[in-house]
Every structure is written in structure tokens, then in C-alpha cells.
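The file run-v8.pdb comes next; it holds PDB, C-alpha atoms.
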ATOM      1  CA  MET A   1      95.236 -71.742  93.969
ATOM      2  CA  PHE A   2      96.257 -68.203  94.998
ATOM      3  CA  LEU A   3      96.825 -69.268  98.622
ATOM      4  CA  ALA A   4      98.808 -72.342  97.542
ATOM      5  CA  ARG A   5     101.063 -70.217  95.334
ATOM      6  CA  LEU A   6     101.506 -67.690  98.126
ATOM      7  CA  VAL A   7     102.548 -70.412 100.589
ATOM      8  CA  SER A   8     104.889 -71.931  98.002
ATOM      9  CA  LYS A   9     106.954 -68.746  97.934
ATOM     10  CA  LEU A  10     107.949 -69.147 101.573
ATOM     11  CA  PRO A  11     111.491 -70.433 102.242
ATOM     12  CA  PHE A  12     111.901 -74.060 103.261
ATOM     13  CA  GLY A  13     112.733 -73.141 106.844
ATOM     14  CA  VAL A  14     109.436 -71.291 107.237
ATOM     15  CA  LEU A  15     107.542 -74.102 105.480
ATOM     16  CA  TYR A  16     108.929 -76.678 107.896
ATOM     17  CA  THR A  17     107.958 -74.490 110.835
ATOM     18  CA  LEU A  18     104.455 -74.378 109.346
ATOM     19  CA  SER A  19     104.559 -78.172 109.028
ATOM     20  CA  ASP A  20     105.524 -78.515 112.703
ATOM     21  CA  LEU A  21     102.571 -76.329 113.678
ATOM     22  CA  CYS A  22     100.203 -78.396 111.517
ATOM     23  CA  PHE A  23     101.255 -81.743 113.004
ATOM     24  CA  PRO A  24      99.326 -81.524 116.334
ATOM     25  CA  LEU A  25      96.261 -80.246 114.470
ATOM     26  CA  VAL A  26      96.336 -83.082 111.923
ATOM     27  CA  TYR A  27      97.302 -85.813 114.395
ATOM     28  CA  TYR A  28      95.513 -84.935 117.630
ATOM     29  CA  VAL A  29      92.600 -82.689 116.621
ATOM     30  CA  VAL A  30      91.477 -83.683 113.118
ATOM     31  CA  ARG A  31      92.893 -87.210 113.606
ATOM     32  CA  TYR A  32      93.115 -87.511 109.837
ATOM     33  CA  ARG A  33      92.593 -91.191 108.929
ATOM     34  CA  ARG A  34      94.173 -92.287 112.196
ATOM     35  CA  GLY A  35      92.167 -95.524 112.229
ATOM     36  CA  VAL A  36      93.290 -96.503 108.724
ATOM     37  CA  VAL A  37      96.924 -95.676 109.467
ATOM     38  CA  ARG A  38      96.975 -97.598 112.760
ATOM     39  CA  ARG A  39      95.331-100.650 111.151
ATOM     40  CA  ASN A  40      97.691-100.589 108.160
ATOM     41  CA  LEU A  41     100.786-100.311 110.344
ATOM     42  CA  SER A  42      99.654-102.974 112.822
ATOM     43  CA  THR A  43      98.836-105.550 110.154
ATOM     44  CA  SER A  44     101.931-104.747 108.061
ATOM     45  CA  PHE A  45     104.289-105.124 111.022
ATOM     46  CA  PRO A  46     102.772-107.777 113.317
ATOM     47  CA  GLU A  47     106.201-108.294 114.888
ATOM     48  CA  LYS A  48     106.309-104.716 116.257
ATOM     49  CA  THR A  49     105.076-103.728 119.705
ATOM     50  CA  ALA A  50     102.184-101.289 120.175
ATOM     51  CA  ARG A  51     104.750 -98.717 121.332
ATOM     52  CA  ASP A  52     106.798 -99.145 118.151
ATOM     53  CA  ILE A  53     103.680 -98.863 115.991
ATOM     54  CA  LYS A  54     102.673 -95.615 117.687
ATOM     55  CA  ALA A  55     106.184 -94.172 117.273
ATOM     56  CA  THR A  56     106.126 -95.008 113.542
ATOM     57  CA  GLU A  57     102.615 -93.560 113.282
ATOM     58  CA  LYS A  58     103.715 -90.220 114.748
ATOM     59  CA  ALA A  59     106.828 -90.130 112.566
ATOM     60  CA  PHE A  60     104.603 -90.772 109.543
ATOM     61  CA  TYR A  61     102.277 -87.855 110.353
ATOM     62  CA  HIS A  62     105.266 -85.555 110.845
ATOM     63  CA  TRP A  63     106.493 -86.578 107.391
ATOM     64  CA  LEU A  64     102.988 -86.247 105.887
ATOM     65  CA  CYS A  65     102.838 -82.607 106.987
ATOM     66  CA  ASP A  66     106.281 -82.103 105.445
ATOM     67  CA  TYR A  67     105.063 -83.770 102.233
ATOM     68  CA  PHE A  68     102.270 -81.220 101.852
ATOM     69  CA  VAL A  69     104.498 -78.154 102.260
ATOM     70  CA  GLU A  70     107.297 -79.647 100.143
ATOM     71  CA  THR A  71     104.840 -80.414  97.359
ATOM     72  CA  LEU A  72     103.371 -76.914  97.431
ATOM     73  CA  LYS A  73     106.910 -75.540  97.152
ATOM     74  CA  LEU A  74     107.171 -77.185  93.721
ATOM     75  CA  LEU A  75     104.732 -74.560  92.395
ATOM     76  CA  THR A  76     107.353 -71.814  92.377
ATOM     77  CA  ILE A  77     110.741 -73.314  93.179
ATOM     78  CA  GLY A  78     113.637 -72.500  90.848
ATOM     79  CA  ARG A  79     115.831 -75.102  89.176
ATOM     80  CA  GLU A  80     118.985 -74.502  91.207
ATOM     81  CA  GLU A  81     117.141 -74.498  94.515
ATOM     82  CA  LEU A  82     115.230 -77.662  93.609
ATOM     83  CA  LEU A  83     118.435 -79.542  92.831
ATOM     84  CA  ARG A  84     119.749 -78.608  96.273
ATOM     85  CA  HIS A  85     116.879 -80.611  97.754
ATOM     86  CA  ILE A  86     116.916 -83.699  95.512
ATOM     87  CA  GLU A  87     119.880 -85.642  94.206
ATOM     88  CA  PHE A  88     119.478 -87.991  91.238
ATOM     89  CA  ARG A  89     121.796 -90.979  91.102
ATOM     90  CA  ASN A  90     122.494 -93.237  88.120
ATOM     91  CA  ALA A  91     120.576 -90.980  85.730
ATOM     92  CA  ALA A  92     123.415 -91.768  83.294
ATOM     93  CA  ALA A  93     121.909 -95.251  82.845
ATOM     94  CA  ILE A  94     118.749 -93.636  81.474
ATOM     95  CA  GLU A  95     120.782 -91.478  79.105
ATOM     96  CA  ASP A  96     122.613 -94.603  77.916
ATOM     97  CA  CYS A  97     119.259 -96.157  76.973
ATOM     98  CA  PHE A  98     118.246 -92.957  75.179
ATOM     99  CA  ASP A  99     121.558 -92.984  73.291
ATOM    100  CA  LYS A 100     120.685 -96.492  72.076
ATOM    101  CA  GLY A 101     117.215 -95.354  71.009
ATOM    102  CA  GLN A 102     115.281 -97.030  73.825
ATOM    103  CA  PRO A 103     112.726 -95.059  75.911
ATOM    104  CA  CYS A 104     112.428 -95.872  79.621
ATOM    105  CA  ALA A 105     109.887 -96.479  82.346
ATOM    106  CA  ALA A 106     110.340 -95.681  86.037
ATOM    107  CA  LEU A 107     108.453 -97.872  88.531
ATOM    108  CA  LEU A 108     107.849 -96.468  92.011
ATOM    109  CA  GLY A 109     105.477 -96.433  94.946
ATOM    110  CA  HIS A 110     103.953 -93.812  97.217
ATOM    111  CA  TYR A 111     107.183 -93.549  99.139
ATOM    112  CA  CYS A 112     109.094 -90.439 100.230
ATOM    113  CA  ASN A 113     108.057 -87.471  98.087
ATOM    114  CA  TRP A 114     107.273 -89.084  94.742
ATOM    115  CA  GLU A 115     106.249 -85.672  93.341
ATOM    116  CA  TYR A 116     109.941 -84.738  93.162
ATOM    117  CA  LEU A 117     110.430 -87.332  90.442
ATOM    118  CA  SER A 118     108.963 -84.741  88.058
ATOM    119  CA  ALA A 119     112.316 -82.924  88.334
ATOM    120  CA  THR A 120     114.194 -85.796  86.658
ATOM    121  CA  ALA A 121     114.503 -83.800  83.439
ATOM    122  CA  LEU A 122     116.803 -81.374  85.240
ATOM    123  CA  SER A 123     119.334 -84.164  85.834
ATOM    124  CA  LEU A 124     119.610 -85.377  82.223
ATOM    125  CA  SER A 125     122.070 -82.934  80.726
ATOM    126  CA  LYS A 126     122.337 -84.440  77.230
ATOM    127  CA  TRP A 127     118.616 -84.877  76.691
ATOM    128  CA  GLN A 128     117.111 -81.766  78.254
ATOM    129  CA  GLY A 129     114.539 -80.228  75.978
ATOM    130  CA  SER A 130     114.326 -83.199  73.606
ATOM    131  CA  ALA A 131     113.290 -86.151  75.790
ATOM    132  CA  VAL A 132     109.855 -86.112  77.422
ATOM    133  CA  MET A 133     109.701 -86.728  81.183
ATOM    134  CA  GLY A 134     106.637 -87.076  83.310
ATOM    135  CA  LEU A 135     104.275 -88.939  85.584
ATOM    136  CA  ILE A 136     101.191 -90.928  84.715
ATOM    137  CA  TYR A 137      98.425 -89.866  87.040
ATOM    138  CA  HIS A 138      94.879 -90.660  88.025
ATOM    139  CA  PRO A 139      92.807 -87.473  87.508
ATOM    140  CA  LEU A 140      91.344 -86.203  90.776
ATOM    141  CA  ARG A 141      87.606 -85.780  91.188
ATOM    142  CA  ASN A 142      88.025 -82.222  92.427
ATOM    143  CA  ASP A 143      88.892 -80.070  89.404
ATOM    144  CA  ALA A 144      90.670 -77.417  91.483
ATOM    145  CA  PHE A 145      92.970 -79.961  93.154
ATOM    146  CA  ASP A 146      93.511 -81.705  89.827
ATOM    147  CA  ARG A 147      94.713 -78.453  88.242
ATOM    148  CA  LEU A 148      96.854 -77.708  91.307
ATOM    149  CA  PHE A 149      98.747 -81.014  91.098
ATOM    150  CA  ILE A 150      99.181 -80.723  87.336
ATOM    151  CA  ASN A 151     100.732 -77.282  87.845
ATOM    152  CA  ILE A 152     102.980 -78.625  90.604
ATOM    153  CA  ARG A 153     104.296 -81.489  88.475
ATOM    154  CA  GLN A 154     104.702 -79.510  85.263
ATOM    155  CA  HIS A 155     106.489 -76.574  86.931
ATOM    156  CA  ALA A 156     109.419 -78.885  87.691
ATOM    157  CA  GLY A 157     109.664 -79.950  84.040
ATOM    158  CA  GLY A 158     107.426 -82.991  84.032
ATOM    159  CA  THR A 159     104.586 -83.812  81.660
ATOM    160  CA  CYS A 160     101.347 -85.083  83.225
ATOM    161  CA  ILE A 161      99.489 -87.744  81.271
ATOM    162  CA  PRO A 162      96.161 -89.242  82.494
ATOM    163  CA  LYS A 163      96.515 -92.997  82.898
ATOM    164  CA  ASN A 164      93.925 -93.765  80.208
ATOM    165  CA  ASP A 165      95.878 -91.736  77.635
ATOM    166  CA  ILE A 166      99.433 -92.945  78.240
ATOM    167  CA  LEU A 167      99.578 -95.715  75.627
ATOM    168  CA  ARG A 168      98.318 -93.383  72.905
ATOM    169  CA  HIS A 169     100.862 -90.791  74.006
ATOM    170  CA  LEU A 170     103.766 -93.270  73.939
ATOM    171  CA  VAL A 171     102.811 -94.550  70.487
ATOM    172  CA  ARG A 172     102.842 -90.967  69.195
ATOM    173  CA  LEU A 173     106.265 -90.301  70.744
ATOM    174  CA  LYS A 174     107.601 -93.500  69.192
ATOM    175  CA  ARG A 175     106.269 -92.461  65.793
ATOM    176  CA  GLU A 176     108.053 -89.121  66.223
ATOM    177  CA  GLY A 177     111.285 -90.842  67.267
ATOM    178  CA  ARG A 178     111.388 -89.114  70.661
ATOM    179  CA  MET A 179     112.818 -90.555  73.856
ATOM    180  CA  SER A 180     110.769 -90.567  77.054
ATOM    181  CA  LEU A 181     110.811 -91.491  80.721
ATOM    182  CA  PHE A 182     107.475 -91.811  82.508
ATOM    183  CA  GLY A 183     106.926 -92.743  86.130
ATOM    184  CA  TYR A 184     104.325 -95.404  86.968
ATOM    185  CA  ILE A 185     102.946 -95.460  90.514
ATOM    186  CA  LEU A 186     102.579 -99.165  91.297
ATOM    187  CA  ASP A 187     100.691 -99.293  94.570
ATOM    188  CA  GLN A 188      97.317 -97.845  93.681
ATOM    189  CA  SER A 189      94.183 -99.692  94.832
ATOM    190  CA  PRO A 190      92.665-101.209  91.682
ATOM    191  CA  LYS A 191      88.936-101.354  91.112
ATOM    192  CA  TRP A 192      87.415-104.838  91.074
ATOM    193  CA  GLU A 193      87.432-105.091  87.276
ATOM    194  CA  ASN A 194      91.105-104.013  87.117
ATOM    195  CA  ILE A 195      92.485-106.671  89.449
ATOM    196  CA  HIS A 196      94.830-108.808  87.366
ATOM    197  CA  LEU A 197      97.232-110.099  90.011
ATOM    198  CA  TRP A 198      97.484-110.779  93.750
ATOM    199  CA  LEU A 199     100.841-110.481  95.503
ATOM    200  CA  PRO A 200     102.126-110.888  99.059
ATOM    201  CA  PHE A 201     102.986-107.347 100.133
ATOM    202  CA  LEU A 202     103.642-106.249 103.725
ATOM    203  CA  HIS A 203     101.965-109.344 105.199
ATOM    204  CA  HIS A 204      98.835-108.822 103.062
ATOM    205  CA  ASP A 205      97.337-110.642 100.107
ATOM    206  CA  THR A 206      97.347-107.565  97.867
ATOM    207  CA  PRO A 207      95.547-106.862  94.560
ATOM    208  CA  VAL A 208      97.799-104.917  92.190
ATOM    209  CA  PHE A 209      97.737-103.310  88.764
ATOM    210  CA  THR A 210      99.824-104.900  86.032
ATOM    211  CA  GLY A 211      99.227-102.080  83.573
ATOM    212  CA  ALA A 212     102.749-100.654  83.921
ATOM    213  CA  GLU A 213     104.347-103.993  83.074
ATOM    214  CA  ARG A 214     102.004-104.560  80.121
ATOM    215  CA  ILE A 215     102.843-101.127  78.684
ATOM    216  CA  VAL A 216     106.580-101.670  79.233
ATOM    217  CA  ARG A 217     106.326-104.972  77.364
ATOM    218  CA  LYS A 218     104.212-103.607  74.540
ATOM    219  CA  MET A 219     106.507-100.607  73.964
ATOM    220  CA  ASN A 220     109.731-102.552  74.743
ATOM    221  CA  HIS A 221     110.908 -99.901  77.207
ATOM    222  CA  ALA A 222     113.816-100.283  79.583
ATOM    223  CA  ALA A 223     112.493-100.500  83.147
ATOM    224  CA  PHE A 224     114.010 -98.879  86.228
ATOM    225  CA  TYR A 225     112.959 -99.080  89.850
ATOM    226  CA  VAL A 226     113.043 -95.705  91.593
ATOM    227  CA  ARG A 227     114.546 -95.907  95.072
ATOM    228  CA  MET A 228     113.808 -92.747  97.038
ATOM    229  CA  GLU A 229     115.479 -91.997 100.353
ATOM    230  CA  ARG A 230     115.302 -89.090 102.783
ATOM    231  CA  PRO A 231     118.651 -88.881 104.590
ATOM    232  CA  GLU A 232     117.613 -85.665 106.311
ATOM    233  CA  ARG A 233     114.745 -83.217 106.390
ATOM    234  CA  GLY A 234     114.602 -81.224 103.186
ATOM    235  CA  ARG A 235     116.775 -83.589 101.173
ATOM    236  CA  TYR A 236     115.858 -86.564  98.982
ATOM    237  CA  VAL A 237     118.030 -88.997  97.060
ATOM    238  CA  CYS A 238     116.496 -90.642  93.994
ATOM    239  CA  THR A 239     118.386 -93.638  92.574
ATOM    240  CA  PHE A 240     117.438 -95.252  89.262
ATOM    241  CA  ILE A 241     118.016 -99.002  89.604
ATOM    242  CA  PRO A 242     118.041-100.921  86.289
ATOM    243  CA  MET A 243     115.579-103.810  86.173
ATOM    244  CA  THR A 244     115.639-104.854  82.512
ATOM    245  CA  GLU A 245     116.269-103.566  79.014
ATOM    246  CA  ASN A 246     114.506-106.615  77.569
ATOM    247  CA  PRO A 247     111.127-106.826  79.325
ATOM    248  CA  ASN A 248     109.722-109.472  77.004
ATOM    249  CA  GLU A 249     112.433-111.905  78.073
ATOM    250  CA  LEU A 250     110.984-111.941  81.611
ATOM    251  CA  ALA A 251     108.239-114.253  82.779
ATOM    252  CA  ASP A 252     104.720-112.839  83.028
ATOM    253  CA  ASN A 253     104.342-110.603  86.099
ATOM    254  CA  GLU A 254     108.022-110.979  87.023
ATOM    255  CA  LEU A 255     108.694-107.262  86.601
ATOM    256  CA  THR A 256     105.716-106.336  88.791
ATOM    257  CA  GLN A 257     106.662-108.876  91.464
ATOM    258  CA  LYS A 258     110.254-107.694  91.590
ATOM    259  CA  ALA A 259     109.274-104.026  91.821
ATOM    260  CA  PHE A 260     106.863-104.702  94.697
ATOM    261  CA  GLN A 261     109.533-106.657  96.561
ATOM    262  CA  MET A 262     111.972-103.750  96.166
ATOM    263  CA  LEU A 263     109.305-101.329  97.379
ATOM    264  CA  GLU A 264     108.593-103.501 100.421
ATOM    265  CA  ASP A 265     112.307-103.618 101.231
ATOM    266  CA  ASP A 266     112.432 -99.805 101.145
ATOM    267  CA  ILE A 267     109.362 -99.497 103.359
ATOM    268  CA  ARG A 268     110.771-101.893 105.931
ATOM    269  CA  ARG A 269     113.977 -99.854 106.154
ATOM    270  CA  ALA A 270     112.097 -96.598 106.907
ATOM    271  CA  PRO A 271     108.322 -97.172 107.205
ATOM    272  CA  GLN A 272     107.487 -93.606 108.217
ATOM    273  CA  PHE A 273     107.907 -92.416 104.619
ATOM    274  CA  TYR A 274     105.176 -94.617 103.114
ATOM    275  CA  LEU A 275     101.656 -93.304 102.444
ATOM    276  CA  TRP A 276      99.762 -95.240 105.125
ATOM    277  CA  THR A 277      96.557 -93.168 104.828
ATOM    278  CA  HIS A 278      95.385 -95.176 101.788
ATOM    279  CA  ASP A 279      93.078 -98.086 102.573
ATOM    280  CA  ARG A 280      94.993-100.435 100.265
ATOM    281  CA  TRP A 281      93.687-103.702 101.628
ATOM    282  CA  LYS A 282      89.964-103.002 101.603
ATOM    283  CA  ARG A 283      89.450-105.584  98.827
ATOM    284  CA  THR A 284      90.021-109.245  99.602
ATOM    285  CA  ARG A 285      90.560-112.245  97.352
ATOM    286  CA  GLU A 286      87.541-113.978  98.919
ATOM    287  CA  GLU A 287      85.255-111.074  98.087
ATOM    288  CA  TYR A 288      86.729-110.879  94.579
ATOM    289  CA  ARG A 289      85.920-114.566  93.976
ATOM    290  CA  ARG A 290      82.418-114.083  95.337
ATOM    291  CA  ARG A 291      81.828-111.134  93.015
ATOM    292  CA  VAL A 292      83.057-113.124  90.007
ATOM    293  CA  GLU A 293      80.818-116.070  90.917
ATOM    294  CA  GLN A 294      77.796-113.780  91.266
ATOM    295  CA  GLY A 295      78.550-112.009  87.984
ATOM    296  CA  LEU A 296      79.193-108.668  89.706
ATOM    297  CA  THR A 297      82.744-108.534  88.381
ATOM    298  CA  LYS A 298      84.159-109.947  85.170
ATOM    299  CA  PRO A 299      87.270-112.081  85.750
ATOM    300  CA  ALA A 300      90.411-110.365  84.570
ATOM    301  CA  PRO A 301      91.743-111.652  81.216
ATOM    302  CA  ALA A 302      95.095-113.401  81.192
ATOM    303  CA  HIS A 303      98.009-111.313  79.929
ATOM    304  CA  HIS A 304     100.953-112.943  78.263
ATOM    305  CA  SER A 305     104.304-111.803  77.019
ATOM    306  CA  ALA A 306     104.439-110.171  73.622
TER     307      ALA A 306
END

File written out as C-alpha cells:
Amino acid sequence: MFLARLVSKLPFGVLYTLSDLCFPLVYYVVRYRRGVVRRNLSTSFPEKTARDIKATEKAFYHWLCDYFVETLKLLTIGREELLRHIEFRNAAAIEDCFDKGQPCAALLGHYCNWEYLSATALSLSKWQGSAVMGLIYHPLRNDAFDRLFINIRQHAGGTCIPKNDILRHLVRLKREGRMSLFGYILDQSPKWENIHLWLPFLHHDTPVFTGAERIVRKMNHAAFYVRMERPERGRYVCTFIPMTENPNELADNELTQKAFQMLEDDIRRAPQFYLWTHDRWKRTREEYRRRVEQGLTKPAPAHHSA
């Protein structure tokens, strides 16, 4: 933790120089998850040549090194400096929902630097200090890294809530009459027993969580898709795109399907900013069916609109 905080105090220019020095070590020497990344890219973009895939792969690892130093910077960065590196667009739409008494949910993927979403509170002038902002997260197995990422996210004004506690937390906020905006990472790899839906995503038959949609429906929250872009090194643009203020008027799974399509569109525009190191497609529908038939996995219950 001490070393991470020490590094975080370095200016961005120095951090990016450090990132450039780390790239050949991570890519050529350690070869961190190179096989997973190459397989993911090749199967997600079958129309690309081997040369194009390799170019995207290298661009991804350059960005990954940037992601690490940028994220560490969140440990100590000041408000004014942070807002020079991320621009929030259409945050007024969230404030409009708050003004009407409706909390919100932000749906996003592992694209660009999603950690910067924890700074959203800094962009909501009317509701700073009263509305609760944060990210729902999966606690890490390593306690030291878990504490590190909690500190990173909360330093920028966000509130970290473990995924198993979020519904309880939202019910309490509703009882207190407080507005909230929580970010839900969509593209996690669900465990067998948590697979509720399969979607076409980047040329793969993909198992996905539907927990975010079910919570949005249950709590009747307005839903926004978070489009993150990186127009240049050291600068992100985060746009809140309204999806619905009436989630229970949508068909089952429609919100999840739409969000994944928007995420895929973003990835296709600039694939180097997606987190390709995750082995997202290690579970197949055929194996899922086999496990259900053999009683190794209970079939997921059907979920219907409220």
C-alpha cells in the first residue's frame, strides 16, 4: 500500500513514462495472459488479419499499462486535477431523475478506465454531498488488493458496495429518501449457478448476469448506459446515455440485451480499450446443459417483470 501511494503522487507525465517502460516487460518478458488475449481477439474479430490482430493486441497492452498507473493515481489525485482528465457528459439527465425522486443505475463494461466512474459525484453540482454514488464490486480474494481498490474508488468520492449487499443497501437508501447512482459492471464471467441468460456478444455465445436488470426493475431505477471514450492519452470522456426511466415496461432481458449491444458497438470502434485478459468464454452452453443434466448445476430460475 505504501509503494502504491508513493507511485500515485507522481505527475501524470512521469506515470506514463513508467507505463512505457513497463510495456516491454509485460508484453515480451512476462507475456501476461498473451494466449488468452490473442485467442479472445482472434475469435471476436474473425474478419481481421493476423497482422491487424497483433497490432490491436500491442495497443491493448500499451493501454493496460496506462490503466494500472492511471488507477493508482486515483489514490491521491485532487478534485480539480481529476476533472482535467475526465469529462462527464449528460450528467444533467441524472440530476433530472434525482429532482423527480428517482434513483439511477449506470450500466457499463470493462472498457476504457471504468475506475474513473467513481468520480461521477464531482460532476453533479446540485446533489453533491446528499446523493450516494458508487460502484458495485466483487470482493477480491487478496485482502491487500481488495483494500487498495476500495481506497482508490472511495478517494474519488465513490462508495464501494459488495455485490451481495447492494439490494439491502438500496432498500435502506430508499427508506431514507436518498438518491443514488451505482455502476453495474455487466461483463463479468458468471459462475455456472448464476447463468441466467446467453447472448451473442463479439461472435461468441456468451453467458451473462442479469442481476443488474433485476435490481433496476425491483427498485424502479432509471437506467443509463455509460459510454466511455479515450480521445487522447490522459483524457477520458464519460457520457450517460438514457436507456429507460420505466424499466418494468420493457420486455424481460431487453435492458441487458440493449446494454450489451451498446458495449459491443463501443468495443468495435476502439477494441484496444477493452479488458481482453479475462477468459470470458471459458464456459459453453453445451457444457452448461451437460452439467444441468448430470445434476452438477441447478438450472437458473426464470425471472419475470415486476

**OP:** May I have the residues at most 12 Å from (113.4, -74.1, 90.7) in the file's coordinates, counting all atoms listed in the file, as a ChimeraX atom specification?
**Re:** /A:8-9,73-86,116,118-119,122,152-157

Original post:
Near stretch 209-215 of chain A, within 7 Å and counting all atoms listed in the file, which residues show up once chain neighbours fewer than 6 positions away are dropped, as a PyMOL selection string?
Top reply: chain A and resi 184+186+190+194-197+255-256

**OP:** I would like the residues chosen by the PyMOL selection byres ((chain A and resi 138-142) around 9) on the shown file; could you give them as a VMD selection string?
**Re:** chain A and resid 136 to 137 143 to 147 161 to 164

**OP:** Using the chain letters and residue numbers of this document, give as a PyMOL selection string the residues selected by the PyMOL selection byres ((chain A and resi 185) around 7).
**Re:** chain A and resi 107-110+183-184+186-188

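Across A:Gly134, A:Ala4, A:Lys282, A:Cys97, the tightest approach to A:Glu115 is made by A:Gly134 when counting all atoms listed in the file.
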
**OP:** Please provide the set of residues having any atom within 10 Å of A:Tyr16, restricted to all atoms listed in the file, with same-chain residues fewer than 2 positions apart removed, written as JSON, numbers by chain.
**Re:** {"A": [10, 11, 12, 13, 14, 18, 19, 20, 21, 22, 65, 66, 67, 69, 70, 233, 234]}

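Atom pair atom CA of A:Leu64 / atom CA of A:Tyr111: separated by 10.8 Å.
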